[in-house]
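Student: See data_32.tsv below, with TSV, C-alpha atoms and all ligand atoms.
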```tsv
chain	number	residue	atom	x	y	z
J	1	MET	CA	27.21	40.22	-13.42
J	2	SER	CA	30.81	40.10	-12.45
J	3	VAL	CA	33.40	37.88	-14.02
J	4	VAL	CA	36.19	36.58	-11.91
J	5	ILE	CA	39.33	35.68	-13.79
J	6	SER	CA	41.69	33.58	-11.78
J	7	PRO	CA	44.60	31.28	-12.45
J	8	LYS	CA	43.79	27.65	-13.06
J	9	LEU	CA	43.79	25.74	-9.84
J	10	LYS	CA	46.43	23.03	-9.84
J	11	HIS	CA	44.07	20.34	-8.55
J	12	GLU	CA	41.71	20.94	-11.52
J	13	GLU	CA	44.41	20.09	-14.03
J	14	PRO	CA	44.60	16.54	-15.36
J	15	GLU	CA	47.98	14.85	-14.97
J	16	VAL	CA	49.71	15.37	-18.31
J	17	PRO	CA	52.91	13.41	-18.89
J	18	PHE	CA	55.93	15.65	-19.35
J	19	ARG	CA	56.70	16.15	-23.03
J	20	PRO	CA	60.44	16.61	-23.64
J	21	GLY	CA	61.73	19.02	-26.27
J	22	PRO	CA	63.48	18.01	-29.50
J	23	PRO	CA	67.14	16.90	-29.38
J	24	GLY	CA	69.40	19.82	-28.51
J	25	THR	CA	66.87	21.40	-26.16
J	26	HIS	CA	68.29	22.96	-23.00
J	27	ILE	CA	65.32	24.57	-21.30
J	28	THR	CA	61.88	22.97	-21.52
J	29	ILE	CA	58.87	25.01	-20.48
J	30	ARG	CA	55.51	23.27	-20.24
J	31	GLY	CA	52.13	24.63	-19.24
J	32	LEU	CA	53.58	27.82	-17.80
J	33	THR	CA	50.85	29.99	-16.33
J	34	LYS	CA	51.28	33.38	-14.71
J	35	TYR	CA	48.59	35.87	-13.74
J	36	PHE	CA	49.09	39.38	-12.45
J	37	ALA	CA	46.18	40.92	-10.55
J	38	GLY	CA	43.74	38.35	-11.94
J	39	TRP	CA	44.79	38.88	-15.58
J	40	PRO	CA	46.64	36.26	-17.59
J	41	LEU	CA	50.11	37.08	-18.80
J	42	TYR	CA	51.09	33.51	-19.72
J	43	GLU	CA	48.56	30.71	-19.92
J	44	ASP	CA	49.55	27.13	-20.63
J	45	PHE	CA	52.67	28.38	-22.40
J	46	ASP	CA	55.13	25.87	-23.90
J	47	LEU	CA	58.61	26.66	-25.17
J	48	ASP	CA	61.89	24.89	-25.90
J	49	ILE	CA	65.13	26.84	-25.63
J	50	PRO	CA	68.04	25.25	-27.50
J	51	LYS	CA	71.34	24.46	-25.83
J	52	GLY	CA	74.44	26.47	-26.69
J	53	LYS	CA	72.53	29.15	-28.60
J	54	ILE	CA	71.69	32.78	-28.04
J	55	VAL	CA	67.94	33.36	-28.01
J	56	SER	CA	66.77	36.96	-28.24
J	57	VAL	CA	63.34	37.68	-26.81
J	58	PHE	CA	61.47	40.40	-28.66
J	59	GLY	CA	57.85	41.53	-28.63
J	60	PRO	CA	55.38	44.34	-27.96
J	61	ASN	CA	55.70	46.54	-24.89
J	62	GLY	CA	54.53	44.85	-21.75
J	63	CYS	CA	54.07	41.42	-23.40
J	64	GLY	CA	56.14	39.82	-20.68
J	65	LYS	CA	59.69	39.53	-22.02
J	66	SER	CA	61.37	40.31	-18.71
J	67	THR	CA	58.80	38.31	-16.76
J	68	LEU	CA	59.52	35.29	-18.96
J	69	ILE	CA	63.26	35.26	-18.30
J	70	ASN	CA	62.69	36.15	-14.65
J	71	MET	CA	60.36	33.18	-14.24
J	72	ILE	CA	62.85	30.86	-15.93
J	73	ALA	CA	65.64	32.26	-13.75
J	74	GLY	CA	63.50	31.78	-10.64
J	75	LEU	CA	63.32	35.49	-9.77
J	76	ILE	CA	59.52	35.56	-10.18
J	77	PRO	CA	57.34	32.66	-9.01
J	78	ILE	CA	55.11	30.92	-11.53
J	79	ASP	CA	51.47	30.04	-10.85
J	80	SER	CA	51.75	26.63	-12.47
J	81	GLY	CA	53.74	24.72	-15.06
J	82	GLN	CA	57.14	23.15	-15.26
J	83	ILE	CA	60.56	24.47	-16.26
J	84	LEU	CA	63.45	22.05	-16.63
J	85	PHE	CA	67.08	22.57	-17.59
J	86	ASP	CA	68.45	19.48	-19.33
J	87	GLY	CA	65.79	17.63	-17.36
J	88	LYS	CA	66.99	19.16	-14.05
J	89	SER	CA	65.31	21.66	-11.79
J	90	LEU	CA	66.59	25.21	-11.37
J	91	ALA	CA	67.98	24.26	-7.96
J	92	ASP	CA	70.38	21.87	-9.70
J	93	THR	CA	71.35	24.34	-12.43
J	94	LYS	CA	73.99	27.05	-12.39
J	95	ILE	CA	72.69	30.26	-13.90
J	96	GLY	CA	73.96	33.81	-14.32
J	97	TYR	CA	71.87	36.97	-14.64
J	98	VAL	CA	72.80	40.39	-15.99
J	99	PHE	CA	70.43	43.19	-15.00
J	100	GLN	CA	69.62	46.26	-17.04
J	101	ASN	CA	70.32	48.47	-14.06
J	102	TYR	CA	73.95	47.69	-13.29
J	103	ARG	CA	74.07	50.49	-10.72
J	104	GLU	CA	71.73	48.58	-8.46
J	105	ALA	CA	73.13	45.17	-9.37
J	106	MET	CA	76.65	45.69	-8.04
J	107	PHE	CA	77.34	45.70	-4.31
J	108	PRO	CA	78.56	49.26	-3.65
J	109	TRP	CA	80.48	48.28	-0.49
J	110	LEU	CA	82.66	45.82	-2.39
J	111	ARG	CA	85.49	46.68	-4.75
J	112	THR	CA	84.74	45.70	-8.32
J	113	ILE	CA	87.10	42.75	-8.20
J	114	ASP	CA	85.32	41.47	-5.07
J	115	ASN	CA	81.96	41.88	-6.79
J	116	ILE	CA	83.21	39.66	-9.60
J	117	ALA	CA	84.63	37.15	-7.14
J	118	TYR	CA	81.49	37.13	-4.98
J	119	PRO	CA	79.69	34.13	-6.56
J	120	LEU	CA	82.93	32.14	-6.44
J	121	LYS	CA	83.28	32.89	-2.73
J	122	LEU	CA	79.69	31.73	-2.22
J	123	GLU	CA	80.65	28.47	-3.90
J	124	GLY	CA	83.47	28.09	-1.39
J	125	LYS	CA	86.28	28.32	-3.95
J	126	SER	CA	89.81	28.80	-2.63
J	127	LYS	CA	91.62	32.11	-2.97
J	128	ALA	CA	93.90	30.63	-5.64
J	129	GLU	CA	90.94	29.32	-7.67
J	130	ILE	CA	89.18	32.66	-7.39
J	131	ASN	CA	92.28	34.57	-8.53
J	132	ARG	CA	92.76	32.23	-11.47
J	133	ARG	CA	89.14	32.57	-12.62
J	134	VAL	CA	89.16	36.36	-12.25
J	135	GLU	CA	92.39	36.52	-14.29
J	136	GLU	CA	90.78	34.41	-17.00
J	137	LEU	CA	87.81	36.78	-17.15
J	138	VAL	CA	90.08	39.83	-17.20
J	139	ALA	CA	91.90	38.31	-20.17
J	140	SER	CA	88.79	37.34	-22.11
J	141	PHE	CA	87.16	40.75	-21.55
J	142	ASP	CA	90.45	42.50	-22.25
J	143	VAL	CA	89.90	44.64	-19.16
J	144	LYS	CA	92.06	47.74	-19.06
J	145	PHE	CA	90.38	49.54	-16.16
J	146	ASP	CA	91.30	49.22	-12.49
J	147	LEU	CA	89.18	46.52	-10.86
J	148	ASN	CA	90.32	47.64	-7.42
J	149	ARG	CA	88.05	50.64	-7.64
J	150	TYR	CA	84.50	50.62	-6.26
J	151	PRO	CA	81.70	50.26	-8.80
J	152	TYR	CA	80.51	53.85	-8.28
J	153	GLU	CA	83.98	55.10	-9.25
J	154	MET	CA	83.66	53.56	-12.73
J	155	SER	CA	81.76	54.45	-15.89
J	156	GLY	CA	78.46	52.76	-16.72
J	157	GLY	CA	80.06	50.64	-19.40
J	158	GLN	CA	82.83	49.52	-17.05
J	159	GLN	CA	80.24	48.62	-14.39
J	160	GLN	CA	78.17	46.61	-16.86
J	161	THR	CA	81.31	44.84	-18.13
J	162	ALA	CA	82.09	43.92	-14.52
J	163	SER	CA	78.56	42.71	-13.87
J	164	ILE	CA	78.71	40.45	-16.96
J	165	MET	CA	82.06	39.14	-15.69
J	166	ARG	CA	80.46	38.45	-12.31
J	167	ALA	CA	77.55	36.59	-13.94
J	168	LEU	CA	79.99	34.48	-15.96
J	169	ALA	CA	82.46	33.86	-13.12
J	170	PRO	CA	81.00	30.56	-11.89
J	171	GLY	CA	80.66	29.22	-15.47
J	172	PRO	CA	76.85	29.27	-15.64
J	173	GLU	CA	74.95	26.78	-17.78
J	174	VAL	CA	72.56	29.54	-18.79
J	175	LEU	CA	73.13	33.29	-18.86
J	176	PHE	CA	70.10	35.60	-18.73
J	177	LEU	CA	70.50	39.19	-19.88
J	178	ASP	CA	67.68	41.68	-19.42
J	179	GLU	CA	68.34	44.64	-21.71
J	180	PRO	CA	72.01	44.72	-20.74
J	181	PHE	CA	72.92	47.53	-23.14
J	182	SER	CA	69.97	49.87	-22.77
J	183	ALA	CA	71.66	52.16	-20.26
J	184	LEU	CA	74.97	52.32	-22.15
J	185	ASP	CA	76.26	54.67	-24.80
J	186	PHE	CA	76.75	53.35	-28.32
J	187	GLU	CA	80.52	52.90	-28.08
J	188	MET	CA	80.20	50.84	-24.91
J	189	THR	CA	77.30	48.87	-26.36
J	190	LEU	CA	79.45	47.86	-29.33
J	191	PHE	CA	82.33	46.91	-27.04
J	192	ILE	CA	80.29	44.76	-24.65
J	193	ARG	CA	78.28	43.20	-27.48
J	194	GLU	CA	81.54	42.03	-29.10
J	195	LYS	CA	82.87	40.72	-25.79
J	196	LEU	CA	79.67	38.85	-25.15
J	197	GLN	CA	79.85	37.29	-28.57
J	198	GLU	CA	83.49	36.28	-27.99
J	199	VAL	CA	82.63	34.69	-24.65
J	200	PHE	CA	79.74	32.87	-26.29
J	201	MET	CA	82.05	31.55	-29.01
J	202	GLN	CA	84.57	30.39	-26.39
J	203	THR	CA	82.10	28.79	-23.99
J	204	GLY	CA	78.91	27.99	-25.92
J	205	THR	CA	76.87	29.09	-22.91
J	206	THR	CA	73.13	29.11	-23.57
J	207	MET	CA	71.98	32.72	-23.40
J	208	MET	CA	68.57	34.37	-23.24
J	209	LEU	CA	68.64	38.05	-24.06
J	210	VAL	CA	65.78	40.52	-23.73
J	211	SER	CA	66.30	43.48	-26.01
J	212	HIS	CA	64.21	46.45	-27.14
J	213	ASP	CA	66.55	47.04	-30.04
J	214	LEU	CA	65.63	44.80	-32.96
J	215	GLU	CA	68.98	45.23	-34.70
J	216	GLU	CA	70.83	44.14	-31.58
J	217	ALA	CA	68.38	41.30	-30.92
J	218	VAL	CA	68.94	39.85	-34.40
J	219	TYR	CA	72.68	40.60	-34.51
J	220	LEU	CA	73.46	38.49	-31.45
J	221	ALA	CA	70.86	35.77	-31.91
J	222	ASP	CA	70.74	32.26	-33.25
J	223	GLU	CA	67.00	32.39	-32.65
J	224	ILE	CA	64.69	35.37	-32.31
J	225	LEU	CA	61.76	34.50	-30.09
J	226	LEU	CA	58.93	36.80	-31.14
J	227	LEU	CA	56.11	37.09	-28.63
J	228	THR	CA	52.50	38.20	-29.05
J	229	LYS	CA	50.56	40.68	-26.96
J	230	ARG	CA	49.24	39.27	-23.70
J	231	PRO	CA	47.98	36.68	-22.97
J	232	THR	CA	51.38	35.98	-24.42
J	233	LYS	CA	52.10	33.26	-26.94
J	234	VAL	CA	54.96	32.54	-29.30
J	235	ALA	CA	54.25	34.55	-32.45
J	236	HIS	CA	57.20	33.05	-34.28
J	237	ILE	CA	60.69	31.67	-33.75
J	238	LEU	CA	63.03	32.94	-36.40
J	239	HIS	CA	66.33	31.16	-37.00
J	240	TYR	CA	69.27	33.32	-37.96
J	241	ASP	CA	72.45	31.33	-38.47
J	242	ASP	CA	74.96	33.72	-40.03
J	243	ALA	CA	78.52	32.74	-39.15
J	244	ARG	CA	80.25	34.21	-36.09
J	245	PRO	CA	81.95	36.42	-35.27
J	246	ARG	CA	79.40	38.82	-36.62
J	247	THR	CA	80.78	42.27	-37.24
J	248	VAL	CA	79.53	45.66	-38.37
J	249	GLU	CA	79.76	44.27	-41.92
J	250	THR	CA	77.15	41.68	-40.92
J	251	LEU	CA	74.65	44.50	-40.51
J	252	MET	CA	74.85	45.18	-44.25
J	253	GLN	CA	74.49	41.54	-45.34
J	254	PRO	CA	71.27	40.49	-47.11
J	255	ARG	CA	70.64	37.62	-44.67
J	256	PHE	CA	70.83	39.93	-41.69
J	257	ILE	CA	68.58	42.48	-43.38
J	258	ASP	CA	66.07	39.73	-44.27
J	259	ALA	CA	66.02	38.37	-40.71
J	260	LYS	CA	65.50	41.85	-39.34
J	261	LYS	CA	62.74	42.63	-41.82
J	262	MET	CA	60.90	39.37	-41.11
J	263	SER	CA	61.12	40.01	-37.37
J	264	LEU	CA	59.85	43.55	-37.84
J	265	ASP	CA	56.91	42.36	-39.97
J	266	ILE	CA	55.87	39.83	-37.32
J	267	PHE	CA	56.33	42.42	-34.57
J	268	GLN	CA	54.22	45.01	-36.39
J	269	THR	CA	51.46	42.50	-37.08
J	270	GLU	CA	51.37	41.78	-33.35
J	271	VAL	CA	51.41	45.42	-32.32
J	272	ARG	CA	48.47	46.17	-34.64
J	273	ARG	CA	46.48	43.13	-33.59
J	274	GLU	CA	43.65	43.78	-31.16
J	275	ALA	CA	44.50	42.20	-27.86
J	276	THR	CA	42.02	39.55	-26.70
J	277	ALA	CA	42.42	40.33	-23.03
J	278	GLN	CA	44.08	43.38	-21.63
J	279	PRO	CA	44.34	44.35	-18.01
J	280	PRO	CA	42.88	47.72	-17.05
J	281	ARG	CA	45.42	50.52	-17.53
J	301	LIG	N1	54.65	42.59	-10.11
J	301	LIG	C1	53.73	42.87	-11.04
J	301	LIG	N2	52.46	43.14	-10.68
J	301	LIG	C2	51.51	43.40	-11.61
J	301	LIG	N3	51.74	43.41	-12.94
J	301	LIG	C3	52.99	43.15	-13.34
J	301	LIG	C4	54.05	42.86	-12.43
J	301	LIG	N4	55.19	42.64	-13.13
J	301	LIG	C5	54.86	42.78	-14.42
J	301	LIG	N5	53.55	43.09	-14.55
J	301	LIG	C6	52.83	43.31	-15.80
J	301	LIG	O1	53.10	42.21	-16.65
J	301	LIG	C7	53.27	42.66	-17.97
J	301	LIG	C8	54.60	42.19	-18.51
J	301	LIG	O2	55.67	42.91	-17.88
J	301	LIG	P1	57.16	42.74	-18.38
J	301	LIG	O3	57.98	43.77	-17.70
J	301	LIG	O4	57.57	41.33	-18.27
J	301	LIG	O5	56.99	43.07	-19.92
J	301	LIG	P2	58.11	43.44	-20.99
J	301	LIG	O6	57.64	42.85	-22.27
J	301	LIG	O7	59.45	43.06	-20.50
J	301	LIG	O8	57.90	45.01	-20.94
J	301	LIG	P3	58.72	46.20	-21.65
J	301	LIG	O9	58.60	45.99	-23.12
J	301	LIG	O10	57.98	47.40	-21.18
J	301	LIG	O11	60.12	46.10	-21.12
J	301	LIG	C9	53.11	44.16	-17.97
J	301	LIG	O12	51.79	44.47	-18.34
J	301	LIG	C10	53.35	44.53	-16.54
J	301	LIG	O13	52.62	45.67	-16.19
```
Would you kindly transcribe this structure into structure tokens?

Tutor:
Amino acid sequence: MSVVISPKLKHEEPEVPFRPGPPGTHITIRGLTKYFAGWPLYEDFDLDIPKGKIVSVFGPNGCGKSTLINMIAGLIPIDSGQILFDGKSLADTKIGYVFQNYREAMFPWLRTIDNIAYPLKLEGKSKAEINRRVEELVASFDVKFDLNRYPYEMSGGQQQTASIMRALAPGPEVLFLDEPFSALDFEMTLFIREKLQEVFMQTGTTMMLVSHDLEEAVYLADEILLLTKRPTKVAHILHYDDARPRTVETLMQPRFIDAKKMSLDIFQTEVRREATAQPPR
């Protein structure tokens, strides 16, 4: 006997009225379903992402952290479900995305400054508006390197700084970051992490961050979204509301240590749990 596992067909689903999130919700995800090769990754998945907060996404390997933010950002199609931003569709929402692999994310034929200005040009902004916005970003990121160079002439950290500046240039409502520090050395990670926190404090932009580093995930977060093994559910949402700016001293504070320990306990429970359905390896 063979068993065919397939995504739910849309026409089989009863019409369920849309259930909004609690006050302060920015992104509402309802009934999200995504299969890869006949195996469920997300099935009828609901989630509310708060507005003006940093949410770190953490979970076992391959549980679908990147796929989740990529589906919300519209980079990967969903099989079914609904994702709304303040009640609007993605098409009516300005988003920014920072990729792990900054080398492939920047356009090599454009000078760094033109990479940063690119989304503003797409929006049809005037030269004066573009210059003003780029200057603002240069000031808030305290950029000391020469933006007239091409991306490949700069260090990894400089390139990733520039790609975060590019993502922020149009003033996105939501910024997605997929492991933005994983290809950087520690010094650069600390620098960009602080800059990101400063920008967040200035703008209050909703951010979703995928990180493999639990310390970093907790350090930056207002909420740590802990996911289960696939088919992926929310294992727990941990609130961590230590004051900002957080600094290296924060890492030694009991509240930070507690939040990290709780996250680690939930993560380990998930990693040890037998998966109910795993795709063939
Ligand atoms: N295009 C695809 N085709 C088939 N399977 C895919 C595809 N993209 C992702 N997957 C599978 O979906 C699952 C989730 O992948 P994803 O990269 O989102 O997980 P992750 O939690 O971000 O992983 P990691 O911890 O390794 O970074 C994995 O099992 C992966 O193999």

Student: What are the centre and the three edge lengths of an axis-aligned box that wraps all atoms of ligand LIG 301 (chain J) in the file, given that 6 Å is added to every side, written as lines of an AutoDock Vina configuration file and rounded to one decimal in Å?

Tutor:
```
center_x = 55.8
center_y = 44.4
center_z = -16.6
size_x = 20.6
size_y = 18.1
size_z = 25.0
```

Student: For Gln159 in chain J, which residue out of J:Glu136, J:Asp146, J:Glu194, J:Asp79 is the nearest one, using only C-alpha atoms?

Tutor: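 Nearest to Gln159 in chain J: J:Asp146.
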
Student: If you count all atoms listed in the file, which residues fall within 7 Å of range 180-190 of chain J, apart from same-chain ones fewer than 4 positions away, as a tab-separated table (two decimals) with C-alpha atoms, in the frame of the given file?

Tutor:
```tsv
chain	number	residue	atom	x	y	z
J	98	VAL	CA	72.80	40.39	-15.99
J	99	PHE	CA	70.43	43.19	-15.00
J	100	GLN	CA	69.62	46.26	-17.04
J	156	GLY	CA	78.46	52.76	-16.72
J	157	GLY	CA	80.06	50.64	-19.40
J	194	GLU	CA	81.54	42.03	-29.10
```

Student: When distances are computed from only C-alpha atoms, which of J:Gly81, J:Pro151, J:Pro20, J:Gly64 shows the smallest separation from Leu110 in chain J?

Tutor: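 Under the stated criterion, the closest residue is J:Pro151.
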
Student: Pick from J:Glu135, J:Glu173, J:Asp114, J:Glu129: nearest to Lys88 in chain J, with all atoms listed in the file counted?

Tutor: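 The shortest atom-to-atom distance to Lys88 in chain J comes from J:Glu173.
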
Student: Within 6 Å of ligand LIG 301 (chain J) (counting all atoms listed in the file), which residues show up? I'd like them as a list in words.

Tutor: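 The neighbouring residues of ligand LIG 301 (chain J) are, in order, Phe36, Ala37, Asn61, Gly62, Cys63, Gly64, Lys65, Ser66 and Thr67 of chain J.
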
Student: Find, counting only C-alpha atoms, the residue in J:Ala128, J:Val199, J:Ser56, J:Ile76 that gets nearest to Asp213 in chain J.

Tutor: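 Smallest separation from Asp213 in chain J among the options: J:Ser56.
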
Student: Neighbouring residues of Asp86 in chain J were defined as those with any atom within 8 Å, considering only C-alpha atoms; residues of the same chain fewer than 3 positions away were excluded. Please report them as a list in words.

Tutor: Thr25, His26, Ile27 and Thr28 of chain J

Student: Which one of J:Leu84, J:Ile192, J:Leu90, J:Leu137 sits closest to Leu168 in chain J if you count all atoms listed in the file?

Tutor: J:Leu137

Student: Choose the residue, out of J:Pro170, J:Ser155, J:Phe141, J:Arg149, that has the smallest atom-to-atom separation from Leu122 in chain J; count only C-alpha atoms.

Tutor: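 Among J:Pro170, J:Ser155, J:Phe141, J:Arg149, it is J:Pro170 that comes nearest to Leu122 in chain J.
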
Student: Enter the distance from CA of Glu123 in chain J to CA of Gly171 in chain J, in Å, rounded to one decimal.

Tutor: 11.6 Å

Student: Between CA of Ala167 in chain J and CA of Ala91 in chain J, what distance in Å does the model show, to one decimal?

Tutor: 16.7 Å

Student: Mind checking which residues fall within 7 Å of Ala221 in chain J, counting all atoms listed in the file, ignoring those fewer than 3 positions away in the same chain, and posting them as a list in words?

Tutor: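 The residues that qualify are Ile54, Val55, Ser56, Ala217, Val218, Ile224 and Tyr240 of chain J.
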
Student: Interatomic distance between CA of Tyr118 in chain J and CA of Arg103 in chain J?

Tutor: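 These two atoms are separated by 16.3 Å.
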